Every structure is written in C-alpha cells, then in structure tokens.
Amino acid sequence: MQTGKVKWFNNAKGYGFILSDTGGEDLFAHYSSIQTEGYKTLKAGQSVQFDTKPSDNGTHAINITPLDMLSPSKDKQSENREKVLGAAEEA
C-alpha cells in the first residue's frame with residue numbers, strides 16, 4: 001500500500017484526487033473506493049493509505065483508508081485518557 005495526501009475532494013460529485021508521497025501523477029479517487037463506515041468523504045490535506053489500479057484515464061486510487069481512521073494518534077489517546085480520569089476524579 002502507498003500513502004499520500006488528498007489534493008481535493010468534491011462531496012457533491014463524489015470524487016477528487018490524491019497526491020502520492022512518492023510523487024508522480026495525481027490519482028483519481030472515487031467515493032466508492034473509500035474504506036470507511038457511513039458517509040464516504042475525504043478532506044483536502046488528509047493523509048490516506050491506498051492501492052492503485054491503472055485505467056484508460058490514468059491511475060485510480062482504490063482501497064482508500066484515511067490514516068486517522070486506522071488508529072487513534074497518541075495525542076487523541078492522551079486526550080481521551082485525561083477526559084476519563086477527570087470524570088472519575090469528579091465522581
């Protein structure tokens with residue numbers, strides 16, 4: 001799998017483009033290739049992991065997973081821990 005950043009994504013049209021961290025051409029990203037629960041969207045600048053598939057119109061990104069969905073960051077874990085500890089101390 002490769003990693004990259006979302007260049008732009010149009011929610012109304014359901015597609016956008018990803019820039020691979022290794023460079024090269026912009027990769028087409030369709031909402032149906034986003035591996036998330038619920039509403040499938042991406043945000044400009046968001047880090048993602050993906051596979052690629054060649055097509056007649058260029059290379060498509062497939063199996064797109066936002067990196068923030070794979071595992072919570074240390075900061076988020078610390079934030080959540082502080083909230084839980086703070087709530088326990090207040091009780």
# chains A, B, ... in the order shown; residues from 1 in each chain; ligands from 1
$ residues_around --residues "region 8-17 of chain A" --least-positions-apart "3" --cutoff "10 Å" --atoms "only C-alpha atoms" --output "PDB file with N, CA and C atoms, in the first residue's frame"
ATOM      1  N   LYS A   5      -1.556  12.293   0.272  1.00  0.00           N
ATOM      2  CA  LYS A   5      -2.457  13.306   0.821  1.00  0.00           C
ATOM      3  C   LYS A   5      -3.529  13.641  -0.211  1.00  0.00           C
ATOM      4  N   SER A  20       0.377  11.099  -4.273  1.00  0.00           N
ATOM      5  CA  SER A  20       1.165  10.065  -3.609  1.00  0.00           C
ATOM      6  C   SER A  20       2.398  10.675  -2.966  1.00  0.00           C
ATOM      7  N   GLU A  25       1.888  11.188 -10.991  1.00  0.00           N
ATOM      8  CA  GLU A  25       0.638  11.817 -11.409  1.00  0.00           C
ATOM      9  C   GLU A  25      -0.387  11.872 -10.277  1.00  0.00           C
ATOM     10  N   ASP A  26      -1.355  12.781 -10.410  1.00  0.00           N
ATOM     11  CA  ASP A  26      -2.483  12.821  -9.485  1.00  0.00           C
ATOM     12  C   ASP A  26      -3.282  11.532  -9.668  1.00  0.00           C
ATOM     13  N   LEU A  27      -3.767  10.975  -8.573  1.00  0.00           N
ATOM     14  CA  LEU A  27      -4.519   9.731  -8.614  1.00  0.00           C
ATOM     15  C   LEU A  27      -6.002  10.013  -8.406  1.00  0.00           C
ATOM     16  N   PHE A  28      -6.830   9.524  -9.312  1.00  0.00           N
ATOM     17  CA  PHE A  28      -8.274   9.710  -9.217  1.00  0.00           C
ATOM     18  C   PHE A  28      -8.802   8.942  -8.011  1.00  0.00           C
ATOM     19  N   ALA A  29      -9.669   9.582  -7.217  1.00  0.00           N
ATOM     20  CA  ALA A  29     -10.256   8.948  -6.035  1.00  0.00           C
ATOM     21  C   ALA A  29     -11.774   9.064  -6.096  1.00  0.00           C
ATOM     22  N   HIS A  30     -12.463   7.935  -6.160  1.00  0.00           N
ATOM     23  CA  HIS A  30     -13.929   7.908  -6.189  1.00  0.00           C
ATOM     24  C   HIS A  30     -14.441   7.499  -4.815  1.00  0.00           C
ATOM     25  N   TYR A  31     -15.577   8.069  -4.410  1.00  0.00           N
ATOM     26  CA  TYR A  31     -16.104   7.797  -3.067  1.00  0.00           C
ATOM     27  C   TYR A  31     -16.310   6.303  -2.810  1.00  0.00           C
ATOM     28  N   SER A  32     -16.613   5.534  -3.850  1.00  0.00           N
ATOM     29  CA  SER A  32     -16.872   4.102  -3.673  1.00  0.00           C
ATOM     30  C   SER A  32     -15.617   3.325  -3.268  1.00  0.00           C
ATOM     31  N   SER A  33     -14.436   3.936  -3.422  1.00  0.00           N
ATOM     32  CA  SER A  33     -13.179   3.288  -3.040  1.00  0.00           C
ATOM     33  C   SER A  33     -12.724   3.658  -1.634  1.00  0.00           C
ATOM     34  N   TYR A  39     -20.884   7.913   5.881  1.00  0.00           N
ATOM     35  CA  TYR A  39     -20.687   8.842   4.764  1.00  0.00           C
ATOM     36  C   TYR A  39     -19.237   8.805   4.294  1.00  0.00           C
ATOM     37  N   LYS A  40     -19.025   8.509   3.036  1.00  0.00           N
ATOM     38  CA  LYS A  40     -17.677   8.353   2.492  1.00  0.00           C
ATOM     39  C   LYS A  40     -17.202   9.661   1.876  1.00  0.00           C
ATOM     40  N   THR A  41     -16.258  10.313   2.547  1.00  0.00           N
ATOM     41  CA  THR A  41     -15.721  11.582   2.074  1.00  0.00           C
ATOM     42  C   THR A  41     -14.266  11.707   2.491  1.00  0.00           C
ATOM     43  N   LEU A  42     -13.569  12.613   1.844  1.00  0.00           N
ATOM     44  CA  LEU A  42     -12.178  12.929   2.182  1.00  0.00           C
ATOM     45  C   LEU A  42     -12.053  14.438   2.280  1.00  0.00           C
ATOM     46  N   LYS A  43     -11.024  14.896   2.969  1.00  0.00           N
ATOM     47  CA  LYS A  43     -10.778  16.331   3.114  1.00  0.00           C
ATOM     48  C   LYS A  43      -9.418  16.673   2.524  1.00  0.00           C
ATOM     49  N   ALA A  44      -9.317  17.841   1.902  1.00  0.00           N
ATOM     50  CA  ALA A  44      -8.041  18.300   1.343  1.00  0.00           C
ATOM     51  C   ALA A  44      -6.986  18.292   2.441  1.00  0.00           C
ATOM     52  N   GLY A  45      -5.815  17.745   2.121  1.00  0.00           N
ATOM     53  CA  GLY A  45      -4.712  17.690   3.074  1.00  0.00           C
ATOM     54  C   GLY A  45      -4.720  16.464   3.967  1.00  0.00           C
ATOM     55  N   GLN A  46      -5.797  15.682   3.924  1.00  0.00           N
ATOM     56  CA  GLN A  46      -5.916  14.494   4.772  1.00  0.00           C
ATOM     57  C   GLN A  46      -4.939  13.415   4.305  1.00  0.00           C
ATOM     58  N   HIS A  60      -6.041   5.095 -10.841  1.00  0.00           N
ATOM     59  CA  HIS A  60      -7.062   5.300  -9.813  1.00  0.00           C
ATOM     60  C   HIS A  60      -6.523   4.829  -8.467  1.00  0.00           C
ATOM     61  N   ALA A  61      -6.850   5.561  -7.421  1.00  0.00           N
ATOM     62  CA  ALA A  61      -6.573   5.107  -6.059  1.00  0.00           C
ATOM     63  C   ALA A  61      -7.759   4.243  -5.637  1.00  0.00           C
TER      64      ALA A  61
END
$ atom_distance --atom1 "CA of Leu70 (chain A)" --atom2 "CA of Gly23 (chain A)"
22.8 Å
$ residues_around --residues "Met1 (chain A)" --least-positions-apart "2" --cutoff "7 Å" --atoms "only C-alpha atoms" --output "PDB file with N, CA and C atoms, in the first residue's frame"
ATOM      1  N   THR A   3       1.050   5.634   0.565  1.00  0.00           N
ATOM      2  CA  THR A   3       0.447   6.704   1.355  1.00  0.00           C
ATOM      3  C   THR A   3       0.522   7.994   0.554  1.00  0.00           C
ATOM      4  N   GLN A  49      -4.042   6.090   3.046  1.00  0.00           N
ATOM      5  CA  GLN A  49      -3.320   4.908   2.591  1.00  0.00           C
ATOM      6  C   GLN A  49      -4.175   4.308   1.482  1.00  0.00           C
ATOM      7  N   PHE A  50      -3.553   3.763   0.434  1.00  0.00           N
ATOM      8  CA  PHE A  50      -4.339   3.294  -0.709  1.00  0.00           C
ATOM      9  C   PHE A  50      -3.534   2.346  -1.581  1.00  0.00           C
ATOM     10  N   ASP A  51      -4.234   1.633  -2.443  1.00  0.00           N
ATOM     11  CA  ASP A  51      -3.640   0.841  -3.515  1.00  0.00           C
ATOM     12  C   ASP A  51      -3.919   1.591  -4.810  1.00  0.00           C
TER      13      ASP A  51
END
$ atom_distance --atom1 "CA of Ile64 (chain A)" --atom2 "CA of Val48 (chain A)"
6.5 Å
$ atom_distance --atom1 "CA of Pro66 (chain A)" --atom2 "CA of Ser47 (chain A)"
6.0 Å
